[in-house]
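Shown below: run.pdb, with PDB, C-alpha atoms.
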```pdb
ATOM      1  CA  MET A   1       4.174 -16.929  20.927
ATOM      2  CA  SER A   2       2.263 -14.816  23.479
ATOM      3  CA  GLY A   3       1.824 -17.993  25.543
ATOM      4  CA  GLU A   4       5.525 -17.828  26.415
ATOM      5  CA  LEU A   5       5.290 -14.230  27.671
ATOM      6  CA  PRO A   6       4.810 -13.426  31.363
ATOM      7  CA  PRO A   7       1.225 -12.424  32.263
ATOM      8  CA  GLN A   8       2.313  -8.869  33.090
ATOM      9  CA  VAL A   9       3.768  -8.362  29.584
ATOM     10  CA  GLN A  10       0.730  -9.987  27.980
ATOM     11  CA  ASN A  11      -1.480  -7.571  29.873
ATOM     12  CA  GLN A  12       0.619  -4.593  28.812
ATOM     13  CA  LEU A  13       0.554  -5.754  25.190
ATOM     14  CA  ALA A  14      -3.245  -6.076  25.283
ATOM     15  CA  GLN A  15      -3.524  -2.578  26.743
ATOM     16  CA  LEU A  16      -1.186  -1.217  24.085
ATOM     17  CA  GLN A  17      -3.295  -2.794  21.325
ATOM     18  CA  GLN A  18      -6.464  -1.386  22.852
ATOM     19  CA  VAL A  19      -4.960   2.116  23.050
ATOM     20  CA  GLN A  20      -3.767   1.775  19.446
ATOM     21  CA  GLN A  21      -7.308   0.879  18.333
ATOM     22  CA  GLN A  22      -8.674   3.882  20.231
ATOM     23  CA  ALA A  23      -6.083   6.125  18.563
ATOM     24  CA  GLN A  24      -7.082   4.793  15.125
ATOM     25  CA  ALA A  25     -10.792   5.369  15.820
ATOM     26  CA  LEU A  26     -10.049   8.922  17.006
ATOM     27  CA  ALA A  27      -7.913   9.632  13.940
ATOM     28  CA  GLN A  28     -10.821   8.519  11.713
ATOM     29  CA  GLN A  29     -13.303  10.712  13.607
ATOM     30  CA  LYS A  30     -10.901  13.657  13.423
ATOM     31  CA  ASN A  31     -10.478  13.159   9.693
ATOM     32  CA  GLN A  32     -14.259  13.111   9.137
ATOM     33  CA  LEU A  33     -14.743  16.230  11.266
ATOM     34  CA  GLU A  34     -11.970  18.059   9.426
ATOM     35  CA  ILE A  35     -13.650  17.229   6.097
ATOM     36  CA  MET A  36     -16.998  18.508   7.426
ATOM     37  CA  VAL A  37     -15.399  21.741   8.686
ATOM     38  CA  LYS A  38     -13.674  22.245   5.341
ATOM     39  CA  GLU A  39     -16.956  21.654   3.490
ATOM     40  CA  SER A  40     -18.759  24.167   5.689
ATOM     41  CA  ASP A  41     -15.976  26.712   5.064
ATOM     42  CA  MET A  42     -16.229  26.171   1.325
ATOM     43  CA  ALA A  43     -20.016  26.528   1.369
ATOM     44  CA  LEU A  44     -19.799  29.705   3.482
ATOM     45  CA  ASP A  45     -17.182  31.065   1.108
ATOM     46  CA  GLU A  46     -19.436  30.396  -1.915
ATOM     47  CA  LEU A  47     -22.476  31.895  -0.176
ATOM     48  CA  GLY A  48     -20.430  34.978   0.681
ATOM     49  CA  LYS A  49     -19.951  35.680  -3.020
ATOM     50  CA  ILE A  50     -23.619  35.742  -4.013
ATOM     51  CA  ASP A  51     -26.492  38.249  -3.691
ATOM     52  CA  ALA A  52     -29.269  37.672  -1.165
ATOM     53  CA  ASP A  53     -31.835  36.985  -3.922
ATOM     54  CA  VAL A  54     -29.992  33.990  -5.430
ATOM     55  CA  ALA A  55     -31.912  30.747  -4.866
ATOM     56  CA  VAL A  56     -30.308  28.549  -2.218
ATOM     57  CA  PHE A  57     -31.428  25.025  -1.318
ATOM     58  CA  LYS A  58     -30.862  22.847   1.741
ATOM     59  CA  ASN A  59     -30.705  19.042   1.679
ATOM     60  CA  ILE A  60     -33.455  17.458   3.733
ATOM     61  CA  GLY A  61     -33.173  13.700   3.343
ATOM     62  CA  ASN A  62     -33.557  13.006  -0.355
ATOM     63  CA  LEU A  63     -35.173  16.366  -1.008
ATOM     64  CA  MET A  64     -33.770  19.830  -1.485
ATOM     65  CA  ILE A  65     -35.776  22.622   0.011
ATOM     66  CA  LYS A  66     -35.511  26.296  -0.945
ATOM     67  CA  ALA A  67     -34.147  28.497   1.841
ATOM     68  CA  GLU A  68     -33.159  32.099   2.533
ATOM     69  CA  LYS A  69     -29.469  32.758   2.029
ATOM     70  CA  GLY A  70     -29.271  34.554   5.411
ATOM     71  CA  SER A  71     -30.749  31.691   7.391
ATOM     72  CA  VAL A  72     -28.579  29.145   5.566
ATOM     73  CA  VAL A  73     -25.452  31.176   6.445
ATOM     74  CA  GLU A  74     -26.554  31.372  10.096
ATOM     75  CA  ASP A  75     -27.228  27.611  10.220
ATOM     76  CA  LEU A  76     -23.876  26.856   8.636
ATOM     77  CA  LYS A  77     -21.981  29.118  11.050
ATOM     78  CA  GLU A  78     -23.708  27.451  13.996
ATOM     79  CA  LYS A  79     -22.954  23.998  12.564
ATOM     80  CA  LYS A  80     -19.316  24.984  12.064
ATOM     81  CA  GLU A  81     -19.029  26.184  15.680
ATOM     82  CA  THR A  82     -20.305  22.823  16.902
ATOM     83  CA  LEU A  83     -17.925  20.986  14.586
ATOM     84  CA  ASP A  84     -14.973  23.103  15.774
ATOM     85  CA  LEU A  85     -15.813  22.298  19.393
ATOM     86  CA  ARG A  86     -16.063  18.583  18.652
ATOM     87  CA  LEU A  87     -12.755  18.781  16.803
ATOM     88  CA  GLN A  88     -11.064  20.460  19.773
ATOM     89  CA  THR A  89     -12.366  17.712  22.065
ATOM     90  CA  ILE A  90     -11.085  15.018  19.700
ATOM     91  CA  VAL A  91      -7.653  16.700  19.508
ATOM     92  CA  ARG A  92      -7.441  16.757  23.324
ATOM     93  CA  GLN A  93      -8.508  13.098  23.509
ATOM     94  CA  GLU A  94      -5.926  12.240  20.875
ATOM     95  CA  GLU A  95      -3.160  13.938  22.894
ATOM     96  CA  ARG A  96      -4.166  11.959  25.982
ATOM     97  CA  ILE A  97      -4.228   8.705  24.023
ATOM     98  CA  HIS A  98      -0.801   9.393  22.520
ATOM     99  CA  LYS A  99       0.636  10.067  25.984
ATOM    100  CA  ARG A 100      -0.900   6.840  27.283
ATOM    101  CA  PHE A 101       0.497   4.962  24.276
ATOM    102  CA  THR A 102       4.046   6.265  24.861
ATOM    103  CA  GLN A 103       3.737   5.479  28.571
ATOM    104  CA  LEU A 104       2.619   1.897  27.866
ATOM    105  CA  GLN A 105       5.338   1.489  25.271
ATOM    106  CA  GLU A 106       7.981   2.540  27.822
ATOM    107  CA  GLN A 107       6.511   0.190  30.448
ATOM    108  CA  LEU A 108       6.569  -2.645  27.951
ATOM    109  CA  LYS A 109      10.179  -1.903  26.967
ATOM    110  CA  THR A 110      11.166  -1.943  30.638
ATOM    111  CA  SER A 111       9.316  -5.213  31.236
ATOM    112  CA  VAL A 112      10.813  -6.880  28.158
ATOM    113  CA  GLY A 113      14.285  -5.609  29.017
ATOM    114  CA  SER A 114      14.069  -6.706  32.669
ATOM    115  CA  PRO A 115      16.298  -9.669  33.750
ATOM    116  CA  GLY A 116      13.248 -11.736  34.666
ATOM    117  CA  MET A 117      12.325 -11.963  30.992
ATOM    118  CA  HIS A 118      15.609 -13.642  30.080
ATOM    119  CA  ALA A 119      15.826 -15.856  33.131
ATOM    120  CA  GLU A 120      13.941 -18.740  31.502
TER     121      GLU A 120
ATOM    122  CA  MET B   1      19.382  -2.585  -1.470
ATOM    123  CA  SER B   2      21.870  -5.088  -2.839
ATOM    124  CA  SER B   3      20.434  -8.254  -4.323
ATOM    125  CA  ASN B   4      23.626 -10.302  -3.887
ATOM    126  CA  GLN B   5      23.661 -10.307  -0.137
ATOM    127  CA  LYS B   6      22.611 -13.284   1.945
ATOM    128  CA  LEU B   7      19.340 -12.689   3.783
ATOM    129  CA  SER B   8      18.766 -13.785   7.341
ATOM    130  CA  ASN B   9      15.320 -14.901   8.518
ATOM    131  CA  GLU B  10      15.019 -11.560  10.256
ATOM    132  CA  ASP B  11      15.721  -9.732   6.966
ATOM    133  CA  ILE B  12      13.098 -11.796   5.162
ATOM    134  CA  GLN B  13      10.545 -11.042   7.885
ATOM    135  CA  LYS B  14      11.389  -7.342   7.652
ATOM    136  CA  PHE B  15      10.979  -7.346   3.875
ATOM    137  CA  SER B  16       7.761  -9.309   4.143
ATOM    138  CA  SER B  17       6.136  -6.844   6.546
ATOM    139  CA  GLN B  18       7.439  -3.913   4.466
ATOM    140  CA  PHE B  19       5.938  -5.526   1.349
ATOM    141  CA  GLN B  20       2.609  -6.070   3.092
ATOM    142  CA  GLN B  21       2.496  -2.461   4.250
ATOM    143  CA  LEU B  22       3.251  -1.249   0.714
ATOM    144  CA  GLN B  23       0.519  -3.565  -0.586
ATOM    145  CA  TYR B  24      -2.023  -1.964   1.780
ATOM    146  CA  GLN B  25      -0.932   1.500   0.640
ATOM    147  CA  ALA B  26      -1.148   0.459  -3.014
ATOM    148  CA  ASP B  27      -4.674  -0.943  -2.508
ATOM    149  CA  ALA B  28      -5.805   2.258  -0.789
ATOM    150  CA  LEU B  29      -4.340   4.413  -3.567
ATOM    151  CA  SER B  30      -5.964   2.233  -6.260
ATOM    152  CA  GLN B  31      -9.328   2.685  -4.565
ATOM    153  CA  GLN B  32      -8.735   6.424  -4.396
ATOM    154  CA  LEU B  33      -7.823   6.473  -8.097
ATOM    155  CA  ASN B  34     -11.053   4.681  -8.989
ATOM    156  CA  MET B  35     -13.079   7.176  -6.984
ATOM    157  CA  VAL B  36     -11.303  10.154  -8.548
ATOM    158  CA  SER B  37     -11.826   8.670 -12.026
ATOM    159  CA  ALA B  38     -15.541   8.274 -11.312
ATOM    160  CA  SER B  39     -15.760  11.907 -10.107
ATOM    161  CA  LEU B  40     -13.881  13.078 -13.198
ATOM    162  CA  ALA B  41     -16.315  11.217 -15.454
ATOM    163  CA  GLU B  42     -19.222  12.784 -13.567
ATOM    164  CA  SER B  43     -17.780  16.310 -13.948
ATOM    165  CA  GLU B  44     -17.282  15.681 -17.672
ATOM    166  CA  LYS B  45     -20.873  14.463 -17.994
ATOM    167  CA  ALA B  46     -22.234  17.533 -16.202
ATOM    168  CA  ILE B  47     -20.136  19.874 -18.407
ATOM    169  CA  ASN B  48     -21.475  18.158 -21.540
ATOM    170  CA  THR B  49     -25.060  18.362 -20.253
ATOM    171  CA  ILE B  50     -24.679  22.082 -19.558
ATOM    172  CA  ALA B  51     -23.260  22.584 -23.058
ATOM    173  CA  GLY B  52     -26.324  20.804 -24.427
ATOM    174  CA  PHE B  53     -28.674  23.145 -22.557
ATOM    175  CA  GLU B  54     -27.224  26.295 -24.109
ATOM    176  CA  GLY B  55     -29.921  28.041 -26.153
ATOM    177  CA  VAL B  56     -32.746  25.845 -24.850
ATOM    178  CA  GLU B  57     -35.822  27.878 -23.921
ATOM    179  CA  ASP B  58     -38.384  27.809 -21.119
ATOM    180  CA  GLY B  59     -40.985  25.073 -21.515
ATOM    181  CA  HIS B  60     -38.788  22.864 -23.691
ATOM    182  CA  GLU B  61     -39.832  19.222 -23.492
ATOM    183  CA  ILE B  62     -37.357  16.784 -21.947
ATOM    184  CA  LEU B  63     -37.339  13.174 -20.795
ATOM    185  CA  ILE B  64     -36.357  12.265 -17.244
ATOM    186  CA  PRO B  65     -35.004   8.715 -16.810
ATOM    187  CA  ILE B  66     -36.721   6.664 -14.105
ATOM    188  CA  GLY B  67     -34.673   3.492 -14.622
ATOM    189  CA  SER B  68     -34.608   0.472 -16.958
ATOM    190  CA  GLY B  69     -34.524   2.695 -20.031
ATOM    191  CA  THR B  70     -37.879   4.244 -19.073
ATOM    192  CA  ASN B  71     -38.507   8.011 -19.038
ATOM    193  CA  ILE B  72     -41.187  10.465 -18.046
ATOM    194  CA  MET B  73     -41.912  13.616 -19.993
ATOM    195  CA  ALA B  74     -41.335  16.998 -18.370
ATOM    196  CA  LYS B  75     -41.103  20.657 -19.309
ATOM    197  CA  LEU B  76     -38.072  22.737 -18.403
ATOM    198  CA  SER B  77     -38.347  25.838 -16.293
ATOM    199  CA  LYS B  78     -35.378  28.226 -16.093
ATOM    200  CA  PRO B  79     -33.115  26.202 -18.445
ATOM    201  CA  ASP B  80     -30.533  28.992 -18.239
ATOM    202  CA  THR B  81     -29.700  28.007 -14.633
ATOM    203  CA  VAL B  82     -28.678  24.888 -12.749
ATOM    204  CA  ILE B  83     -28.660  24.048  -9.044
ATOM    205  CA  MET B  84     -25.176  23.096  -7.891
ATOM    206  CA  GLU B  85     -24.052  21.534  -4.628
ATOM    207  CA  ILE B  86     -21.545  23.732  -2.786
ATOM    208  CA  GLY B  87     -20.924  21.404   0.171
ATOM    209  CA  ALA B  88     -22.333  20.813   3.677
ATOM    210  CA  GLY B  89     -25.711  19.836   2.223
ATOM    211  CA  ILE B  90     -26.243  23.232   0.584
ATOM    212  CA  SER B  91     -26.923  23.857  -3.115
ATOM    213  CA  MET B  92     -27.308  27.108  -5.007
ATOM    214  CA  GLU B  93     -28.556  28.399  -8.302
ATOM    215  CA  LYS B  94     -25.916  29.237 -10.891
ATOM    216  CA  ASP B  95     -26.194  30.411 -14.463
ATOM    217  CA  LEU B  96     -24.864  27.994 -17.076
ATOM    218  CA  ASP B  97     -21.575  29.861 -17.598
ATOM    219  CA  ASN B  98     -20.718  30.012 -13.890
ATOM    220  CA  ALA B  99     -21.720  26.406 -13.370
ATOM    221  CA  LYS B 100     -19.519  25.349 -16.301
ATOM    222  CA  LYS B 101     -16.574  27.342 -14.909
ATOM    223  CA  SER B 102     -16.981  25.769 -11.439
ATOM    224  CA  LEU B 103     -17.127  22.301 -12.963
ATOM    225  CA  GLU B 104     -14.066  22.942 -15.085
ATOM    226  CA  ILE B 105     -12.097  24.110 -12.016
ATOM    227  CA  GLN B 106     -13.283  20.996 -10.182
ATOM    228  CA  LYS B 107     -12.210  18.826 -13.122
ATOM    229  CA  GLU B 108      -8.780  20.473 -13.230
ATOM    230  CA  GLU B 109      -8.238  19.862  -9.490
ATOM    231  CA  LEU B 110      -9.373  16.266  -9.825
ATOM    232  CA  THR B 111      -7.036  15.719 -12.775
ATOM    233  CA  LYS B 112      -4.074  17.081 -10.767
ATOM    234  CA  PHE B 113      -5.002  14.898  -7.797
ATOM    235  CA  HIS B 114      -5.347  11.879 -10.094
ATOM    236  CA  GLN B 115      -1.869  12.516 -11.482
ATOM    237  CA  THR B 116      -0.294  12.895  -8.025
ATOM    238  CA  THR B 117      -2.029   9.750  -6.751
ATOM    239  CA  GLN B 118      -0.950   7.819  -9.851
ATOM    240  CA  ASN B 119       2.677   8.933  -9.318
ATOM    241  CA  ASN B 120       2.543   7.863  -5.672
ATOM    242  CA  LEU B 121       1.127   4.498  -6.686
ATOM    243  CA  ASN B 122       3.862   4.036  -9.307
ATOM    244  CA  GLN B 123       6.537   4.771  -6.679
ATOM    245  CA  ILE B 124       5.028   2.213  -4.308
ATOM    246  CA  VAL B 125       4.817  -0.421  -7.052
ATOM    247  CA  THR B 126       8.488   0.221  -7.939
ATOM    248  CA  LYS B 127       9.471  -0.262  -4.279
ATOM    249  CA  MET B 128       7.451  -3.513  -4.183
ATOM    250  CA  HIS B 129       9.243  -4.782  -7.299
ATOM    251  CA  GLU B 130      12.601  -3.916  -5.722
ATOM    252  CA  ILE B 131      11.785  -5.912  -2.589
ATOM    253  CA  GLU B 132      10.487  -8.793  -4.688
ATOM    254  CA  SER B 133      13.647  -8.832  -6.762
ATOM    255  CA  VAL B 134      15.992  -8.709  -3.737
ATOM    256  CA  VAL B 135      14.165 -11.516  -1.951
ATOM    257  CA  THR B 136      13.845 -13.699  -5.070
ATOM    258  CA  THR B 137      17.546 -13.306  -5.948
ATOM    259  CA  ALA B 138      18.629 -14.034  -2.385
ATOM    260  CA  VAL B 139      16.367 -17.085  -2.095
ATOM    261  CA  LYS B 140      17.591 -18.424  -5.450
ATOM    262  CA  GLY B 141      21.197 -17.844  -4.337
ATOM    263  CA  GLN B 142      20.591 -19.698  -1.075
ATOM    264  CA  GLN B 143      18.915 -22.566  -2.930
ATOM    265  CA  ALA B 144      21.889 -22.792  -5.310
ATOM    266  CA  VAL B 145      24.298 -22.914  -2.352
ATOM    267  CA  GLN B 146      22.208 -25.665  -0.724
ATOM    268  CA  VAL B 147      22.168 -27.702  -3.954
ATOM    269  CA  ALA B 148      25.944 -27.270  -4.306
ATOM    270  CA  GLN B 149      26.465 -28.351  -0.680
ATOM    271  CA  GLN B 150      24.279 -31.433  -1.190
ATOM    272  CA  ALA B 151      26.200 -32.308  -4.361
ATOM    273  CA  ASP B 152      29.479 -31.961  -2.433
ATOM    274  CA  GLN B 153      28.227 -34.190   0.355
ATOM    275  CA  GLY B 154      26.821 -36.829  -2.028
ATOM    276  CA  PRO B 155      30.058 -38.599  -3.142
ATOM    277  CA  MET B 156      31.484 -38.346   0.408
ATOM    278  CA  GLN B 157      28.530 -40.270   1.813
ATOM    279  CA  GLY B 158      29.042 -42.989  -0.781
ATOM    280  CA  LEU B 159      32.599 -43.658   0.377
TER     281      LEU B 159
END
```
Can you turn what I pasted into structure tokens?
Amino acid sequence: MSGELPPQVQNQLAQLQQVQQQAQALAQQKNQLEIMVKESDMALDELGKIDADVAVFKNIGNLMIKAEKGSVVEDLKEKKETLDLRLQTIVRQEERIHKRFTQLQEQLKTSVGSPGMHAE
Amino acid sequence: MSSNQKLSNEDIQKFSSQFQQLQYQADALSQQLNMVSASLAESEKAINTIAGFEGVEDGHEILIPIGSGTNIMAKLSKPDTVIMEIGAGISMEKDLDNAKKSLEIQKEELTKFHQTTQNNLNQIVTKMHEIESVVTTAVKGQQAVQVAQQADQGPMQGL
């Protein structure tokens, strides 16, 4: 079917598909980051409820190593800051991709609706 | 959706892509349901294990499975506590009561989620059946019309 389309439209369609794939990949990354942020929040919340002498363990590969509550909280806060920053970047990228997608969609509509398309 | 109407090729294509999309959603929800069921079973198992540890004292002998029905012997230390994962790769010590409460809350949330997911899946399956019924009825109707037309044309051709 695409063989009958003018090269310009074919090119626009390919670009649109590429942008759609990028948007899907970004949405997946965003989803994963949001889960990680939520997990960190939950862990920080739990750690906030306990005394400093309660045993806390950190996962290191397949092992769990005992750690100080204070240092674990610090590590988690730092990790969360990094995750938040990455999330902000992804959100900005997503906005750009969505704009590009709408732009390409409009261009494609114009191309498909142009008289040249129906001339054949 | 009326099942008596005649369907154009465009309608059939529309229904087909709608059906496919619903199928993808149904598959994803089924996978989710399986995962939630597995987590529920795991929570239940942990709750039962904790219940079994109540009253057990320091130094009690236990067997730790190492696979293929084989175990190694070990002695318990601090059997009145467990180490529970709290997310983000962090675990913490909890006494048996607190651990049991956390697991029961987790189980309750999972059960609710399971119910919601199951309802969503049922709705999708109902929609799929509706589409199937509309398309099948329309196709049968069109086939019947074609057969009737052929029967009408038959004697004419013979003349």
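What separates CA of Met36 (chain A) from CA of Leu83 (chain A) is a distance of 7.6 Å.
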Using all atoms listed in the file and a distance of at most 9 Å, pull out the residues of chain B that contact chain A, as a list in words. Ile83, Glu85, Ile86, Gly87, Ala88, Gly89, Ile90, Ser91, Met92, Glu93 and Lys94 of chain B
Could you tell me which residues the PyMOL selection byres ((chain A and resi 9-14) around 8) grabs in this file, written as number ranges by chain? A: 2, 5-8, 15-18, 104, 107-108, 111-112
Glu61 (chain B): which residues within 12 Å, counting all atoms listed in the file, same-chain residues fewer than 4 positions away excluded, as a VMD selection string? chain B and resid 53 56 to 57 72 to 77 79
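Here CA of Glu34 (chain A) is placed at a distance of 10.7 Å from CA of Gln88 (chain A).
Across the structure, CA of Val125 (chain B) and CA of Asn34 (chain B) are spaced 16.8 Å apart.
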What box, with edges along x, y and z, holds each listed atom of region 38-57 of chain B when 5 Å is added on every side, and can you state its centre and edge lengths in Å to one decimal, as JSON?
```
{"center_x": -24.9, "center_y": 18.2, "center_z": -18.1, "size_x": 31.9, "size_y": 29.8, "size_z": 26.0}
```
I'd like the neighbourhood of Leu7 (chain B) as a ChimeraX atom specification, where a residue qualifies if any of its atoms comes within 10 Å (using all atoms listed in the file), though same-chain residues fewer than 6 positions away should be ignored. /B:13,15,134-135,137-139,141-142
Shell around Gln22 (chain A) at 10 Å using only C-alpha atoms, local window under 4 positions removed, as an NGL selection string: :A and (16-18 or 26-28 or 93-94 or 97-98)
